[in-house]
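Report on the structure given below.
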Amino acid sequence: MAWSSGRGVSVASVGAVSEPPRECVLSMGTGGHDEEVGERRSPERTVLGRVATIMDAFNGGQQVLGLGDLSERTSLPKSTLHRLADQLCQVGWLERDPGGYRVGMRLFELGGLAVEGNRLQEAAFPHLQALAAKTGMSVQLGILDGTEVVYLERIVVGPVRLPTRRGGRQPAYCTALGKAMAAFDGEAMRAVVSSEMPRRTANTITEPFALWTELDQIRKVGVAFDRSEAYEELVCVAAPIRSAGRAIGAVSVTGSAGRMRWRMASDAVRGTAAAIWNASFRIGSAGIRM
C-alpha cells in the first residue's frame, strides 16, 4: 500500500496500516503547516473563531465565569469579550449571572437535539447500563471527531469522579476510547499520530512512533488501554464499535488503577461493543447520525 506524503490522505484499506508512513518515522509531529494553510486567516482571529473560543471556556468544571476568568481562558481582550458576550446573551447562547456568565438554555436545547438524534446512543444505553452493573465501574460511550473524542453518554459508578461530561471532548492520543477508534481508521490513525501530544502524566505517550506502534497492537487485540495517560488517578479499557471493520464509536470502563480488573474489563467491553453494534443495526444502522 502506498502512502501519500500530503495531508488528508485517504486510505484504500483499513486493514493495511501496519507500517507507519515514512514521514512518521522521520518527522511526524514536528510541525509546519502547508504554505496554503499558512496564508489563510487563523480561525481564532475570525468572529466565529472567537465565539467558539469563548464557548469552549465553559468546560464543565466551573458553570459561571466572570469576565476576568474568560479573558484568562481565551486570551481575548476584555473589551472584545464584553462585546461578544453581550451578543451571545442576546441570542441565548450565554446568560448573565451575578458572578458573570453561564451557558444559555438555547445552546442547551440545540445540544439536546444533536444528542437525542444519535441512534448509536439510543441503541447503546441499555448495554452501557449492563456493563456498569457487571464491572462495577463507570462506563462511557464516545465517537471520534478529528483527533478528539466526543462523549455521547456516560454512567458514573462508585466514588470516583470522572473529569468528563456528555458532549465534552478529550484528545484521542491519551484516551482508551480515542485510541480504540483511531486504530481502526487509517486516516484517523494518521491524523492522531500527527497531532500535538503534550505530556499530561508520567505515562502519556508523546512520541509519534510509539503511539503508532500501540495503535497497530490495538488493531490486533481489539481493545485499547489508558494506563493513567490522561489523568494520574484514572485508568481505562475500551473497545471499538465496528461497522465493516471501521470504528463508528467506542465503549469503555473507567476507574482507579487499584480496582481495575484488566482481563475481565477487556472481555466485557468487547462483548458490549458487539452488542451495541447489533442493536444499532436492528434500529437502523443506515440512519445512525455521527
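Ordering of the C-alpha cells sets the chain letters (A, B, ...), residue numbers begin anew at 1 in every chain, and ligands are numbered from 1 in the order given.
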Do you know which residues are at most 12 Å from Glu214 in chain A counting only C-alpha atoms, after dropping those on the same chain fewer than 5 positions away, and could you put them as a CSV table (one decimal) with C-alpha atoms, in the first residue's frame?
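Final output, saved to around_37.csv:
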chain,number,residue,atom,x,y,z
A,18,SER,CA,0.6,-1.7,10.0
A,20,PRO,CA,3.9,3.8,9.5
A,173,TYR,CA,-4.0,10.1,21.8
A,174,CYS,CA,-4.1,9.7,25.6
A,176,ALA,CA,-8.5,4.5,25.5
A,179,LYS,CA,-7.1,5.0,20.6
A,180,ALA,CA,-9.6,2.2,20.1
A,182,ALA,CA,-8.2,5.6,15.6
A,183,ALA,CA,-6.7,2.2,15.4
A,189,MET,CA,-4.8,6.9,12.8
A,193,VAL,CA,-0.3,10.3,15.4
A,205,ILE,CA,2.7,8.6,25.1
A,206,THR,CA,4.2,11.6,23.4
A,207,GLU,CA,6.4,10.0,20.7
A,208,PRO,CA,4.6,9.5,17.3
A,209,PHE,CA,6.3,6.2,16.5
A,219,ARG,CA,-5.8,-3.4,15.8
A,220,LYS,CA,-4.5,-6.9,16.6
A,221,VAL,CA,-6.1,-7.4,20.0
A,222,GLY,CA,-9.3,-5.4,19.6
A,223,VAL,CA,-9.0,-3.5,22.8
A,224,ALA,CA,-7.3,-0.3,24.0
A,225,PHE,CA,-5.9,0.8,27.3
A,226,ASP,CA,-5.3,4.1,29.1
Apply DSSP to the structure's backbone, then extract all residues of range 182-270 of chain A labelled strand (DSSP E) and return them as a VMD selection string. chain A and resid 224 to 227 235 to 243 246 to 255
Neighbour list for range 157-167 of chain A as a ChimeraX atom specification, cut-off 7 Å, only C-alpha atoms, skip fewer than 6 positions in-chain: /A:136-138,150-151,255
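The closest residue to Arg73 in chain A, picked from A:Ala133, A:Ala247, A:Ala57, A:Met264 and counting only C-alpha atoms, is A:Ala57.
Between Leu177 in chain A and the candidates A:Leu65, A:Ala239, A:Ala210, A:Ile155, the tightest atom-to-atom separation, counting only C-alpha atoms, involves A:Ala239.
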The distance between CA of Arg261 in chain A and CA of Ala275 in chain A is 20.9 Å
Would you kindly return, as a list in words, each protein, DNA or RNA residue with an atom no farther than 9 Å from any atom of Phe125 in chain A, considering only C-alpha atoms and excluding same-chain residues fewer than 5 positions away? Leu120, Ala130, Leu141, Glu153, Arg154 and Ile276 of chain A
Go ahead and save the residues from that selection, with N, CA and C atoms, as a compact mmCIF listing (two decimals), in the first residue's frame.
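Generated output (part36.txt):
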# COMPACT_ATOMS: atom_id res chain seq x y z
N LEU A 120 -26.91 5.81 17.71
CA LEU A 120 -25.91 5.00 18.38
C LEU A 120 -26.10 5.10 19.89
N ALA A 130 -25.85 -2.28 31.54
CA ALA A 130 -25.48 -3.65 31.87
C ALA A 130 -23.98 -3.76 32.13
N LEU A 141 -19.40 6.18 26.47
CA LEU A 141 -19.58 5.95 25.04
C LEU A 141 -19.09 7.18 24.30
N GLU A 153 -22.32 9.58 25.92
CA GLU A 153 -23.03 9.12 27.11
C GLU A 153 -22.03 8.63 28.15
N ARG A 154 -22.43 8.67 29.40
CA ARG A 154 -21.60 8.10 30.46
C ARG A 154 -22.50 7.72 31.63
N ILE A 276 -23.74 -3.52 21.15
CA ILE A 276 -24.20 -2.20 20.73
C ILE A 276 -24.32 -2.13 19.22
Applying 8 Å and only C-alpha atoms, which residues near Thr135 in chain A remain after dropping the ones on its own chain fewer than 5 positions away? List them as a PyMOL selection string. chain A and resi 253+265+268
Selection: 7 Å around range 93-103 of chain A, only C-alpha atoms, excl. self and same-chain fewer than 2 positions, as a ChimeraX atom specification: /A:63-67,88-89,91,105-107
Can you tell me, as JSON, numbers by chain, what residues are no more than 7 Å from Ser266 in chain A when counting only C-alpha atoms, ignoring any on the same chain fewer than 4 positions away? {"A": [223, 237, 262, 270]}
List every residue of range 63-212 of chain A that DSSP, applied to the backbone of this structure, assigns to helix (DSSP H, G or I), and report them as a short mmCIF file (atom, residue, chain, number, x, y, z; two decimals) with N, CA and C atoms, in the first residue's frame.
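The result, written out as out-v9.cif:
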data_model
loop_
_atom_site.label_atom_id
_atom_site.label_comp_id
_atom_site.auth_asym_id
_atom_site.auth_seq_id
_atom_site.Cartn_x
_atom_site.Cartn_y
_atom_site.Cartn_z
N LEU A 67 -15.76 37.93 33.66
CA LEU A 67 -15.03 38.46 32.52
C LEU A 67 -13.54 38.19 32.64
N GLY A 68 -13.02 38.30 33.88
CA GLY A 68 -11.60 38.02 34.10
C GLY A 68 -11.26 36.57 33.83
N ASP A 69 -12.14 35.65 34.27
CA ASP A 69 -11.92 34.22 34.01
C ASP A 69 -11.91 33.94 32.51
N LEU A 70 -12.87 34.53 31.80
CA LEU A 70 -12.96 34.33 30.36
C LEU A 70 -11.72 34.88 29.65
N SER A 71 -11.27 36.03 30.10
CA SER A 71 -10.09 36.63 29.49
C SER A 71 -8.86 35.74 29.68
N GLU A 72 -8.75 35.16 30.87
CA GLU A 72 -7.61 34.29 31.16
C GLU A 72 -7.66 33.01 30.33
N ARG A 73 -8.87 32.46 30.17
CA ARG A 73 -9.02 31.20 29.46
C ARG A 73 -8.97 31.34 27.95
N THR A 74 -9.36 32.49 27.44
CA THR A 74 -9.42 32.68 25.99
C THR A 74 -8.29 33.52 25.42
N LYS A 78 -10.54 42.08 27.20
CA LYS A 78 -11.81 42.18 27.90
C LYS A 78 -12.85 42.98 27.11
N SER A 79 -12.40 43.98 26.36
CA SER A 79 -13.34 44.77 25.57
C SER A 79 -14.00 43.90 24.49
N THR A 80 -13.19 43.05 23.85
CA THR A 80 -13.73 42.13 22.84
C THR A 80 -14.66 41.13 23.49
N LEU A 81 -14.26 40.61 24.62
CA LEU A 81 -15.07 39.63 25.34
C LEU A 81 -16.42 40.22 25.74
N HIS A 82 -16.40 41.42 26.27
CA HIS A 82 -17.64 42.05 26.72
C HIS A 82 -18.61 42.23 25.56
N ARG A 83 -18.09 42.68 24.42
CA ARG A 83 -18.94 42.88 23.24
C ARG A 83 -19.52 41.57 22.74
N LEU A 84 -18.68 40.54 22.60
CA LEU A 84 -19.15 39.26 22.08
C LEU A 84 -20.07 38.57 23.08
N ALA A 85 -19.76 38.67 24.38
CA ALA A 85 -20.61 38.04 25.39
C ALA A 85 -22.00 38.66 25.40
N ASP A 86 -22.08 39.98 25.23
CA ASP A 86 -23.39 40.64 25.15
C ASP A 86 -24.19 40.14 23.96
N GLN A 87 -23.52 39.96 22.81
CA GLN A 87 -24.20 39.45 21.63
C GLN A 87 -24.65 38.01 21.82
N LEU A 88 -23.84 37.21 22.49
CA LEU A 88 -24.20 35.82 22.76
C LEU A 88 -25.37 35.74 23.74
N CYS A 89 -25.45 36.68 24.66
CA CYS A 89 -26.61 36.74 25.57
C CYS A 89 -27.88 37.07 24.80
N GLN A 90 -27.76 37.93 23.80
CA GLN A 90 -28.93 38.33 23.02
C GLN A 90 -29.53 37.16 22.25
N MET A 105 -29.72 28.57 27.92
CA MET A 105 -30.64 27.47 27.67
C MET A 105 -30.79 27.18 26.17
N ARG A 106 -30.65 28.20 25.34
CA ARG A 106 -30.79 27.98 23.91
C ARG A 106 -29.72 27.02 23.40
N LEU A 107 -28.50 27.18 23.88
CA LEU A 107 -27.43 26.28 23.47
C LEU A 107 -27.67 24.88 24.01
N PHE A 108 -28.20 24.80 25.23
CA PHE A 108 -28.54 23.51 25.81
C PHE A 108 -29.59 22.79 24.96
N GLU A 109 -30.58 23.55 24.49
CA GLU A 109 -31.63 22.97 23.66
C GLU A 109 -31.07 22.44 22.34
N LEU A 110 -30.20 23.23 21.72
CA LEU A 110 -29.60 22.80 20.47
C LEU A 110 -28.74 21.57 20.66
N GLY A 111 -27.98 21.54 21.76
CA GLY A 111 -27.15 20.37 22.06
C GLY A 111 -28.00 19.15 22.29
N GLY A 112 -29.14 19.34 22.94
CA GLY A 112 -30.04 18.23 23.18
C GLY A 112 -30.55 17.61 21.89
N LEU A 113 -30.79 18.45 20.87
CA LEU A 113 -31.25 17.93 19.59
C LEU A 113 -30.21 17.02 18.96
N ALA A 114 -28.94 17.41 19.07
CA ALA A 114 -27.87 16.59 18.50
C ALA A 114 -27.75 15.26 19.22
N VAL A 115 -27.80 15.30 20.55
CA VAL A 115 -27.65 14.07 21.33
C VAL A 115 -28.84 13.15 21.13
N GLU A 116 -30.06 13.70 21.20
CA GLU A 116 -31.24 12.86 21.09
C GLU A 116 -31.35 12.24 19.71
N ARG A 119 -28.65 7.79 16.97
CA ARG A 119 -29.18 6.45 17.17
C ARG A 119 -28.18 5.54 17.86
N LEU A 120 -26.91 5.81 17.71
CA LEU A 120 -25.91 5.00 18.38
C LEU A 120 -26.10 5.10 19.89
N GLN A 121 -26.32 6.29 20.38
CA GLN A 121 -26.54 6.47 21.82
C GLN A 121 -27.80 5.74 22.26
N GLU A 122 -28.87 5.86 21.47
CA GLU A 122 -30.13 5.19 21.80
C GLU A 122 -29.95 3.68 21.89
N ALA A 123 -29.23 3.11 20.91
CA ALA A 123 -29.01 1.67 20.90
C ALA A 123 -28.10 1.22 22.03
N ALA A 124 -27.16 2.09 22.40
CA ALA A 124 -26.13 1.70 23.36
C ALA A 124 -26.58 1.74 24.81
N PHE A 125 -27.51 2.61 25.16
CA PHE A 125 -27.76 2.92 26.57
C PHE A 125 -28.04 1.68 27.44
N PRO A 126 -28.95 0.78 27.07
CA PRO A 126 -29.18 -0.38 27.94
C PRO A 126 -27.94 -1.26 28.10
N HIS A 127 -27.12 -1.32 27.07
CA HIS A 127 -25.90 -2.12 27.15
C HIS A 127 -24.85 -1.44 28.03
N LEU A 128 -24.84 -0.13 28.03
CA LEU A 128 -23.95 0.61 28.93
C LEU A 128 -24.36 0.36 30.38
N GLN A 129 -25.64 0.36 30.64
CA GLN A 129 -26.13 0.08 31.99
C GLN A 129 -25.72 -1.31 32.44
N ALA A 130 -25.85 -2.28 31.54
CA ALA A 130 -25.48 -3.65 31.87
C ALA A 130 -23.98 -3.76 32.13
N LEU A 131 -23.18 -3.05 31.34
CA LEU A 131 -21.73 -3.08 31.52
C LEU A 131 -21.33 -2.47 32.86
N ALA A 132 -21.97 -1.36 33.23
CA ALA A 132 -21.68 -0.73 34.51
C ALA A 132 -22.03 -1.67 35.67
N ALA A 133 -23.17 -2.36 35.55
CA ALA A 133 -23.59 -3.28 36.60
C ALA A 133 -22.64 -4.47 36.70
N LYS A 134 -22.16 -4.96 35.56
CA LYS A 134 -21.29 -6.12 35.54
C LYS A 134 -19.91 -5.83 36.10
N THR A 135 -19.35 -4.66 35.76
CA THR A 135 -17.99 -4.33 36.16
C THR A 135 -17.91 -3.54 37.46
N ALA A 172 -7.63 12.30 21.55
CA ALA A 172 -7.68 10.85 21.33
C ALA A 172 -6.38 10.16 21.73
N TYR A 173 -5.24 10.82 21.60
CA TYR A 173 -3.96 10.15 21.76
C TYR A 173 -3.72 9.58 23.16
N CYS A 174 -4.39 10.15 24.18
CA CYS A 174 -4.13 9.71 25.56
C CYS A 174 -5.35 9.07 26.20
N ALA A 176 -8.29 5.78 26.07
CA ALA A 176 -8.55 4.45 25.52
C ALA A 176 -9.61 4.52 24.44
N LEU A 177 -10.67 5.33 24.65
CA LEU A 177 -11.71 5.48 23.64
C LEU A 177 -11.12 5.98 22.32
N GLY A 178 -10.31 7.02 22.40
CA GLY A 178 -9.73 7.60 21.20
C GLY A 178 -8.82 6.64 20.47
N LYS A 179 -7.97 5.94 21.22
CA LYS A 179 -7.05 5.00 20.59
C LYS A 179 -7.80 3.83 19.97
N ALA A 180 -8.87 3.36 20.65
CA ALA A 180 -9.64 2.24 20.12
C ALA A 180 -10.26 2.58 18.78
N MET A 181 -10.72 3.82 18.60
CA MET A 181 -11.34 4.22 17.34
C MET A 181 -10.31 4.54 16.27
N ALA A 182 -9.26 5.26 16.63
CA ALA A 182 -8.25 5.65 15.64
C ALA A 182 -7.55 4.43 15.05
N GLY A 186 -7.69 4.22 9.09
CA GLY A 186 -6.35 4.61 8.67
C GLY A 186 -6.13 6.11 8.63
N GLU A 187 -7.12 6.87 8.13
CA GLU A 187 -6.97 8.32 8.05
C GLU A 187 -6.95 8.94 9.44
N ALA A 188 -7.83 8.45 10.32
CA ALA A 188 -7.85 8.96 11.70
C ALA A 188 -6.57 8.60 12.42
N MET A 189 -6.08 7.41 12.17
CA MET A 189 -4.83 6.95 12.81
C MET A 189 -3.68 7.89 12.45
N ARG A 190 -3.61 8.23 11.19
CA ARG A 190 -2.56 9.13 10.72
C ARG A 190 -2.71 10.52 11.35
N ALA A 191 -3.95 11.01 11.41
CA ALA A 191 -4.19 12.35 11.97
C ALA A 191 -3.84 12.42 13.45
N VAL A 192 -4.22 11.39 14.20
CA VAL A 192 -3.95 11.39 15.64
C VAL A 192 -2.45 11.33 15.91
N VAL A 193 -1.76 10.47 15.17
CA VAL A 193 -0.31 10.35 15.37
C VAL A 193 0.42 11.62 14.96
N SER A 194 -0.14 12.36 14.01
CA SER A 194 0.48 13.60 13.54
C SER A 194 0.13 14.81 14.41
N PRO A 208 5.48 10.01 18.40
CA PRO A 208 4.62 9.52 17.31
C PRO A 208 4.81 8.04 16.99
N PHE A 209 6.05 7.59 16.89
CA PHE A 209 6.26 6.19 16.51
C PHE A 209 5.78 5.25 17.59
N ALA A 210 5.95 5.63 18.87
CA ALA A 210 5.47 4.80 19.97
C ALA A 210 3.95 4.68 19.95
N LEU A 211 3.27 5.80 19.64
CA LEU A 211 1.81 5.76 19.56
C LEU A 211 1.38 4.93 18.37
N TRP A 212 2.06 5.08 17.23
CA TRP A 212 1.71 4.29 16.05
C TRP A 212 1.82 2.80 16.36
#
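You can rank A:Leu215, A:Thr254, A:Thr204, A:Gly249 by their closest distance to Trp277 in chain A using only C-alpha atoms, and at the top of that list sits A:Gly249.
Put simply, CA of Thr147 in chain A is 14.2 Å away from CA of Ala250 in chain A.
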